[in-house]
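What follows is one structure encoded as structure tokens, with my remarks underneath.
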Amino acid sequence: MSELTAETVREDDLSVLDLQRAPGELYSVEDVEAPGPAGTLPVRLYRPRPGRLHPVLFLHGGGFVVGRDGYEAPLRELALASGCMIVSPECRLAPEHPFPAAPDDALAAARWLNAEASALGASDASPGVAGDSSGGNLAAIVTHAHTREGVPPSFQVLIYPMLDATANSASYDEFASGDGFSREKSLWYFDRYLPSEVDRRAPRVSPLFESDLVGLPPTLIVTAECDPLRDEGEAYAQNLRDAGVEVDVRRFPGMIHGFFQMTAAFDAARRLHGELAKWMKSRFGIAECRVDGPSARHPHRGAAGEQREANARPYPRQTTTEKRRRQ
């Protein structure tokens with residue numbers, strides 16, 4: 001692992017693109033900007049259809065080091081399957097921007113979405129929060145912080161979340177080394193992300209060690225059988241249950257870390273998207289994701305603009321080029 005660099009890991013991560021199927025066409029994909037603690041944050045909005053849709057903040061994985069290039073197709077698929085507006089910020093990455101840059105950015109993006117959801121064309125419902133891997137870590141932090149601030153998300157979805165920076169569990173021992181995601185690789189990511197003086201058991205680093213979980217919203221936790229993060233996700237689910245939180249845990253047999261993104265490689269990945277969509281809809285009612293009619297036009301476009309986006313070229317060149325800043 002000592003020979004790895006952030007640049008090579010980011011380049012290698014692009015190989016996941018070969019394991020993804022092309023998603024269907026969305027109504028629109030738009031790039032906007034949100035205010036962050038160190039400047040503006042790029043945010044991408046995925047709208048599967050017109051109307052005021054339930055907003056879901058999705059925090060992508062990548063070990064706090066890798067960006068969102070490998071998430072374009074999966075997030076389009078999730079938007080189409082769920083009928084929700086998926087809101088994906090790009091938080092600052094380590095090692096250039098170590099802890100606490102990522103959670104600070106994630107919290108800023110979440111607060112921005114809470115304030116601006118209606119102006120963005122979303123429904124008035126409280127946004128959901130979701131994330132995979134290191135993004136699951138950030139999602140758990142955001143959900144806890146917002147709940148304590150009195151604005152709990154409507155739900156949280158944690159997909160094989162990275163919740164224990166000490167890397168101590170039976171599944172970490174079971175998958176200690178080897179190709180793909182292992183205990184060695186997990187610790188490599190945490191070493192890039194965390195300054196040496198940071199307590200790795202602090203809840204803002206390792207949500208598994210958070211003791212104050214009462215009142216958190218309904219939670220779905222997905223784990224993969226052949227994943228070093230399996231046990232910490234399931235342990236966190238038990239911690240939530242012990243605190244009286246409604247929790248649903250889904251372990252996918254035979255699956256590996258990262259399979260949410262691998263929709264062309266695994267039937268289970270495609271099934272996961274369907275199960276995520278069904279669970280998310282059950283949290284807020286299927287009507288939240290239906291078209292509200294002509295009165296619910298995108299607030300920033302007239303009919304011509306809507307038609308232009310509806311007829312946009314399919315993946316991967318559908319993203320609008322216009323960027324707006326929302327304070």
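Naming works like this for the structure tokens: A, B, ... for the chains as they're shown, residue 1 at the start of each chain, ligands 1 onward in shown order.
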Determine, for each residue of range 100-182 of chain A having at least one atom at most 8 Å from an atom of range 78-95 of chain A, the closest pair of atoms and their separation in Å to one decimal, counting only C-alpha atoms; order by chain and ascending number, as a tab-separated table.
residue	atom	partner	partner_atom	distance
A:Ala101	CA	A:Arg92	CA	6.2
A:Ala102	CA	A:Cys91	CA	5.5
A:Asp105	CA	A:Cys91	CA	5.5
A:Ala106	CA	A:Cys91	CA	6.4
A:Ala109	CA	A:Pro89	CA	6.7
A:Ala122	CA	A:Met85	CA	7.0
Could you write out the selected residues, including C-alpha atoms, as a short mmCIF file (atom, residue, chain, number, x, y, z; two decimals), in the first residue's frame?
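So again.cif came out as:
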data_model
loop_
_atom_site.label_atom_id
_atom_site.label_comp_id
_atom_site.auth_asym_id
_atom_site.auth_seq_id
_atom_site.Cartn_x
_atom_site.Cartn_y
_atom_site.Cartn_z
CA ALA A 101 -13.16 19.35 5.42
CA ALA A 102 -15.50 16.58 4.16
CA ASP A 105 -18.81 20.48 3.44
CA ALA A 106 -21.46 17.76 3.78
CA ALA A 109 -24.61 21.17 1.60
CA ALA A 122 -38.31 20.06 -4.78
#
Counting only C-alpha atoms, which residues in range 184-242 of chain A sit no more than 9 Å from range 133-156 of chain A? For each one, give the nearest pair of atoms and the distance in Å, sorted by chain then residue number, as JSON lines.
{"residue": "A:Pro203", "atom": "CA", "partner": "A:Ile141", "partner_atom": "CA", "distance": 8.1}
{"residue": "A:Arg204", "atom": "CA", "partner": "A:Ile141", "partner_atom": "CA", "distance": 6.3}
{"residue": "A:Val205", "atom": "CA", "partner": "A:Asn137", "partner_atom": "CA", "distance": 8.0}
{"residue": "A:Ser206", "atom": "CA", "partner": "A:Asn137", "partner_atom": "CA", "distance": 7.4}
{"residue": "A:Pro207", "atom": "CA", "partner": "A:Ala140", "partner_atom": "CA", "distance": 6.7}
{"residue": "A:Asp212", "atom": "CA", "partner": "A:His144", "partner_atom": "CA", "distance": 8.7}
{"residue": "A:Leu213", "atom": "CA", "partner": "A:His144", "partner_atom": "CA", "distance": 7.5}
{"residue": "A:Gly215", "atom": "CA", "partner": "A:Thr147", "partner_atom": "CA", "distance": 7.3}
{"residue": "A:Leu216", "atom": "CA", "partner": "A:Thr147", "partner_atom": "CA", "distance": 6.3}
{"residue": "A:Pro217", "atom": "CA", "partner": "A:Phe155", "partner_atom": "CA", "distance": 5.1}
{"residue": "A:Pro218", "atom": "CA", "partner": "A:Phe155", "partner_atom": "CA", "distance": 5.0}
{"residue": "A:Thr219", "atom": "CA", "partner": "A:Gln156", "partner_atom": "CA", "distance": 4.9}
{"residue": "A:Leu220", "atom": "CA", "partner": "A:Gln156", "partner_atom": "CA", "distance": 6.5}
{"residue": "A:Ile221", "atom": "CA", "partner": "A:Gln156", "partner_atom": "CA", "distance": 8.5}
{"residue": "A:Leu229", "atom": "CA", "partner": "A:Ser133", "partner_atom": "CA", "distance": 8.3}
Please report the interatomic distance between CA of Arg250 in chain A and CA of Leu113 in chain A in Å with one decimal.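 So the two atoms, CA of Arg250 in chain A and CA of Leu113 in chain A, lie 27.9 Å apart.
The space between CA of His257 in chain A and CA of Phe181 in chain A spans 6.5 Å.
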From the options A:Asp267, A:Met262, A:Pro228, A:Asp12, which residue's atoms come nearest to Ala170 in chain A, counting only C-alpha atoms?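 Comparing A:Asp267, A:Met262, A:Pro228, A:Asp12 against Ala170 in chain A, the winner is A:Pro228.
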Could you pull the residues within 7 Å of Phe175 in chain A, counting only C-alpha atoms, minus those fewer than 5 positions along the same chain, as a list in words? Ser182, Arg183, Asp227 and Pro228 of chain A
Hey, which of A:Gln20, A:Thr5, A:Thr40, A:Ser118 ends up closest to Gly70 in chain A? Count only C-alpha atoms.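 Residue with the minimum atom-to-atom distance to Gly70 in chain A: A:Gln20.
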DSSP-assigned strand (DSSP E or B) members of range 158-266 of chain A, reported as a list in words: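 Going through range 158-266 of chain A, the strand (DSSP E or B) residues come out as Leu158, Ile159, Thr219, Leu220, Ile221, Val222, Thr223, Ala224, Glu225, Cys226, Val247, Asp248, Val249, Arg250, Arg251, Phe252, Pro253, Gly254, Met255 and Ile256 of chain A.
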Pick from A:Ala235, A:Leu14, A:Ala38, A:Leu240: nearest to Met162 in chain A, with only C-alpha atoms counted?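 With only C-alpha atoms as the atom set, the closest residue is A:Ala235.
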Leaving out Thr263 in chain A and any residue of its chain fewer than 3 positions from it, which residues lie within 7 Å of it when counting only C-alpha atoms, given as a VMD selection string? chain A and resid 19 to 21 260 266 269 to 270
Keeping C-alpha atoms, export the residues of the selection given above as a PDB file, in the first residue's frame.
ATOM      1  CA  LEU A  19     -19.012  -2.220 -14.809  1.00  0.00           C
ATOM      2  CA  GLN A  20     -21.926   0.169 -15.239  1.00  0.00           C
ATOM      3  CA  ARG A  21     -24.864  -0.026 -17.595  1.00  0.00           C
ATOM      4  CA  PHE A 260     -23.984  -0.255  -5.780  1.00  0.00           C
ATOM      5  CA  PHE A 266     -24.161  -7.909 -10.896  1.00  0.00           C
ATOM      6  CA  ALA A 269     -26.621  -4.319  -7.980  1.00  0.00           C
ATOM      7  CA  ARG A 270     -29.704  -3.856 -10.124  1.00  0.00           C
TER       8      ARG A 270
END
What are the DSSP alpha helix (DSSP H) residues of range 50-168 of chain A, as an MDAnalysis selection string? chainID A and resid 72:82 101:116 134:148
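Minimum distance to Ser15 in chain A across A:Ser171, A:Gly180, A:Thr166, A:Glu77 (counting only C-alpha atoms) occurs at A:Gly180.
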How many Å separate CA of Ser126 in chain A from CA of Lys278 in chain A?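 Value for the CA of Ser126 in chain A-CA of Lys278 in chain A distance: 18.1 Å.
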Minimum-distance residue to Glu96 in chain A, chosen among A:Glu7, A:Glu234, A:Glu225, A:Glu246 (using only C-alpha atoms):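 The shortest atom-to-atom distance to Glu96 in chain A comes from A:Glu7.
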Excluding Ile159 in chain A and residues on its chain fewer than 2 positions from it, collect all residues at most 6 Å away from it, counting only C-alpha atoms, and give them as a list in words.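 Result of the neighbour search: Asp132, Pro161, Ile221 and Val222 of chain A.
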